[in-house]
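Working notes, structure below.
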Amino acid sequence: MNKRLLFFVFFLFGLLLTGNMKAQDVIKRSTDITKIGGKEYYMHLVKSGQTLYGISKAYNVTIEELEMLNPEVKNGLKAGHILGIPVRPVAEPQVEEPNPVVVEPMLEPEPEPVVVVPEPTPVPEPEPEPQPEPVVVEPEPQPVAVEPVPVPEPVTVEPEPEPMPEPEPVVVEPVPEPEPVVVEPKPEPIVQEPVVEDPAIDHRSFFDGTARIVQQGENLYDIAKEYGIDIADFKVANPRLSDEPAAGTRIVVPNIVNENDYIVHQCERNERVASLLKRWKVDESAFRAKNVSVGSHVFSNQVVLIPIHPIEDFYWVKESEIVAVEDVEEPEMVEMPVEPEPTEQQLGFDFWEEMGEVPVCVADPANARRRYHVALMVPLYLNDVSSLEVSKENLQKAQKSRVLSFLQFYEGFMMAVEALERQGLKLDLDVIDVTDNVASAEKALRQIQNEDLDLIVGPFFGKSFAVIEEYAKSNGITVVNPLSTRESVIKDSPNVVKVKPGDMGLIMTLSNLVKNYYADANVFIVSREKAADTAFLNQLEHHLNPVVNDEVSVSGDEFLQYARHESERLETGSRLAPTLDVEGQVYSTRDFQDGNIDHVMMANTVKRYAYRDISKLKGQLSGVRTNLIIAYGDDNVFATQMLNSLTKEADQYPITLVCAPDWAKFEKLLVENLLKMNAIYVSDHFVDYEDDDVKRFVARFRSKYAAEPQKYAFEGYDVGRYFINALMRYGSDDLVGCLHCYQAALLHTNYRYYYRNYLDSYGNEGKENLYWSVYQYDNEGIELVPIDPFKKNLPDE
């Protein structure tokens, strides 16, 4: 009897173990790998039916490791969780502590590792690291027996056995003029004589990172937020560096460019969120907006996002937040009034009616014969570079480093100047290195104070720009801001021209896209409904409602076509469903078949949902007309969630997904799903590599600089060509007032300036570009093609 019972227990245990193995078989390793704190982690999306045991086996980790890195799973694993899992070799043995003896032979059926590896130590020893070697088929016995930790080689970071005297160096000469501090094309003296005047400069290769002196009262967290780099990366570059380095300590700043408004931080200990925020000096509401699932505590090795002030003005920030930041660091600049929250009265304007009468500007040929004086203030960080001579092999790496991250903007700008000089341009150009600190802007100010300037391009960073803009306003000089998306840069600054389009331009673009192409569509707005986005979303909804048709006529044929599509999808053969549920109403299929109903008039309005209510949106999708879903959000997590949530619905309903803004930067989004939803991209730029002008520019850039042109190269060319050309047409006095009359063929975007701006009705602002690029894959899903949202009913300017 006892033997039978024992046999029955083993039989049940075998069934359970087999079930686990089957669950493991269907779990595939994610291809999404993220580097955090110098380590690589898989980002695994948990699907229904998966278990911690199966996931641990698929990724060759223990359950304890999964729980340590993802504390939320201790409360239960749920479908939709995204787990961070350390990258391990596929062939590495998986050791499961609960059942080491039983699991090990099932996971290691091949006899070879079992025979070769076992030392006199017990079998459950979790360190048979050499196993990847047999998979790589290395026949020599030494690699198999080699100790698995040959770390000394990577630690020996001394790659400086004279890389400079390469036979074909590419010498970057940013400024041909003798006056700007930018050009010193004498490599030998610069290399041999390090700049002793500034003790904060590290005279190693600039690829190793620049150096910084810790100031009184600041700690490592302050410095990390300043550069947008996690403290873990600082500690990798500075072994034995503490969180509270003494004033005067010299530290190496890693060469990492962070274009996000947050730092990816791996928690070092278990602690309350309040303690973490106090150490980082971060507002709790800003932290919660970035970390929705974090509770009152964080745990060791948990990954969180630390919000920071945008490093390079790439992201829009509310003006009230900007004032608060400047209030801490530069009290004298706090006199700017805080912009009030928009009210319904402020929202009630019409883009076209507000235009009114506008003057017409005519180009004066005399302006083309004048000599102009322009200052280009670009952050080249030349004080951080011991030499400007870079070999061809290292050029691409150099241009990705923080030190020369804006070099391609300068190079593209110079190519535009050279092209215009061939057409007769006479230009005195000052290229000045102005970085993100006020001291460099004040130095530039001393350099230009006695100059009669017609135009200033830059600076690129907010504090430096404020210094130069104040001087330019008092002297009547036009200033072009090339990077900021904040509308506050043109507020009360009639001499400032903003190149990056902002919220008003995005509303204008989306409104015209709907008006001219989707007036009969079932239109939705979906977002995270963050507090900072409320004003924008209110305005967008306000402007979309008037451009959609109040009622839409849908023919009976459309209903029958939907019925046939459903029969096909549900595999019911030729038999149609007796009823159709369309937009919350139930219709009899027979009425359409018999001709009793010729068409249906459907009420139409714009519907707005937070992502958390996506299920309500799904209940209102239409099978008989296009569902236009405008997804507003600029982070990868939101974009991924939207695609995952709507992929299944796209098989049943006709969906067109508008991805705004700038989802093209999320390279890991599944293009297959985007194609299924006829995705429309809205971005501040779009380069058509099939365009002949683009092909010529790319070829010349490669030939001139031995590098591939990136985004900044196209931006620099477009800014230089557009604004210097405008100078040659209208002169410096009428430049700002005539931009609404000038459009030019550019490479990566278009500039559309209007005579009147929409921040208020008094006209005391500068000019803002309102053009956003809109594009979509062609019918074959191969090529991205531009869409003109203003195609129909475009008003005369």
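Starting from 1 in every chain, residues are counted up; chains themselves are A, B, ... following the order of the structure tokens, and ligands are numbered from 1 as listed.
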
Practice problem: Could you give me the residues within segment 365-569 of chain A that DSSP places in strand (DSSP E or B), as JSON, numbers by chain? | Solution: {"A": [371, 372, 373, 374, 375, 376, 377, 378, 389, 390, 391, 426, 427, 428, 429, 430, 431, 432, 433, 455, 456, 457, 478, 479, 480, 481, 496, 497, 498, 522, 523, 524, 525, 526, 527, 551, 552, 553, 554, 555]}

Practice problem: Please report, as JSON, numbers by chain, each residue of segment 505-618 of chain A to which DSSP assigns helix (DSSP H, G or I) when run on this structure's backbone. | Solution: {"A": [505, 506, 507, 508, 509, 510, 511, 512, 513, 514, 515, 516, 517, 531, 532, 533, 534, 535, 536, 537, 538, 539, 540, 541, 542, 543, 544, 545, 546, 547, 556, 557, 558, 559, 560, 561, 562, 563, 564, 565, 566, 567, 568, 569, 570, 589, 590, 591, 592, 593, 611, 612, 613, 614, 615, 616, 617, 618]}

Practice problem: Name all residues at most 7 Å from segment 533-550 of chain A (count only C-alpha atoms; drop same-chain ones fewer than 6 positions away) and give them as a list in words. | Solution: Pro342, Leu347, Asp503, Ile507, Ser511, Val514, Lys515, Ala519, Asp520, Ala603, Asn604, Thr605 and Val606 of chain A

Prev. selection, N, CA, C and O atoms, output as an mmCIF file, in the first residue's frame:
```
data_model
loop_
_atom_site.group_PDB
_atom_site.id
_atom_site.type_symbol
_atom_site.label_atom_id
_atom_site.label_comp_id
_atom_site.auth_asym_id
_atom_site.auth_seq_id
_atom_site.Cartn_x
_atom_site.Cartn_y
_atom_site.Cartn_z
ATOM 1 N N PRO A 342 -3.895 78.132 -18.867
ATOM 2 C CA PRO A 342 -4.828 78.568 -19.895
ATOM 3 C C PRO A 342 -6.270 78.401 -19.427
ATOM 4 O O PRO A 342 -6.626 77.439 -18.775
ATOM 5 N N LEU A 347 -8.278 79.728 -24.848
ATOM 6 C CA LEU A 347 -8.291 78.669 -25.846
ATOM 7 C C LEU A 347 -9.129 79.029 -27.061
ATOM 8 O O LEU A 347 -9.032 78.390 -28.083
ATOM 9 N N ASP A 503 4.172 73.417 -29.049
ATOM 10 C CA ASP A 503 2.812 72.919 -28.890
ATOM 11 C C ASP A 503 1.824 73.551 -29.866
ATOM 12 O O ASP A 503 0.946 72.874 -30.401
ATOM 13 N N ILE A 507 -0.520 71.439 -32.461
ATOM 14 C CA ILE A 507 -1.988 71.535 -32.515
ATOM 15 C C ILE A 507 -2.440 71.940 -33.911
ATOM 16 O O ILE A 507 -3.395 71.380 -34.466
ATOM 17 N N SER A 511 -4.649 69.480 -36.231
ATOM 18 C CA SER A 511 -5.978 69.983 -36.608
ATOM 19 C C SER A 511 -6.160 69.956 -38.113
ATOM 20 O O SER A 511 -7.226 69.556 -38.618
ATOM 21 N N VAL A 514 -6.499 66.299 -39.467
ATOM 22 C CA VAL A 514 -7.853 65.775 -39.282
ATOM 23 C C VAL A 514 -8.828 66.470 -40.226
ATOM 24 O O VAL A 514 -9.663 65.822 -40.874
ATOM 25 N N LYS A 515 -8.719 67.778 -40.332
ATOM 26 C CA LYS A 515 -9.649 68.550 -41.171
ATOM 27 C C LYS A 515 -9.581 68.134 -42.636
ATOM 28 O O LYS A 515 -10.609 67.992 -43.312
ATOM 29 N N ALA A 519 -11.950 64.072 -41.492
ATOM 30 C CA ALA A 519 -13.095 64.782 -40.900
ATOM 31 C C ALA A 519 -14.255 63.840 -40.584
ATOM 32 O O ALA A 519 -15.072 64.123 -39.711
ATOM 33 N N ASP A 520 -14.360 62.707 -41.305
ATOM 34 C CA ASP A 520 -15.437 61.730 -41.060
ATOM 35 C C ASP A 520 -15.007 60.587 -40.149
ATOM 36 O O ASP A 520 -15.785 59.663 -39.906
ATOM 37 N N ALA A 603 -23.649 60.234 -35.133
ATOM 38 C CA ALA A 603 -23.121 61.424 -34.447
ATOM 39 C C ALA A 603 -21.606 61.299 -34.324
ATOM 40 O O ALA A 603 -21.069 60.202 -34.137
ATOM 41 N N ASN A 604 -20.939 62.423 -34.415
ATOM 42 C CA ASN A 604 -19.473 62.393 -34.443
ATOM 43 C C ASN A 604 -18.908 63.469 -33.533
ATOM 44 O O ASN A 604 -19.302 64.636 -33.610
ATOM 45 N N THR A 605 -17.990 63.091 -32.664
ATOM 46 C CA THR A 605 -17.295 64.043 -31.805
ATOM 47 C C THR A 605 -15.947 63.449 -31.423
ATOM 48 O O THR A 605 -15.737 62.230 -31.523
ATOM 49 N N VAL A 606 -15.019 64.290 -30.985
ATOM 50 C CA VAL A 606 -13.698 63.826 -30.560
ATOM 51 C C VAL A 606 -13.797 63.292 -29.139
ATOM 52 O O VAL A 606 -14.386 63.929 -28.258
#
```
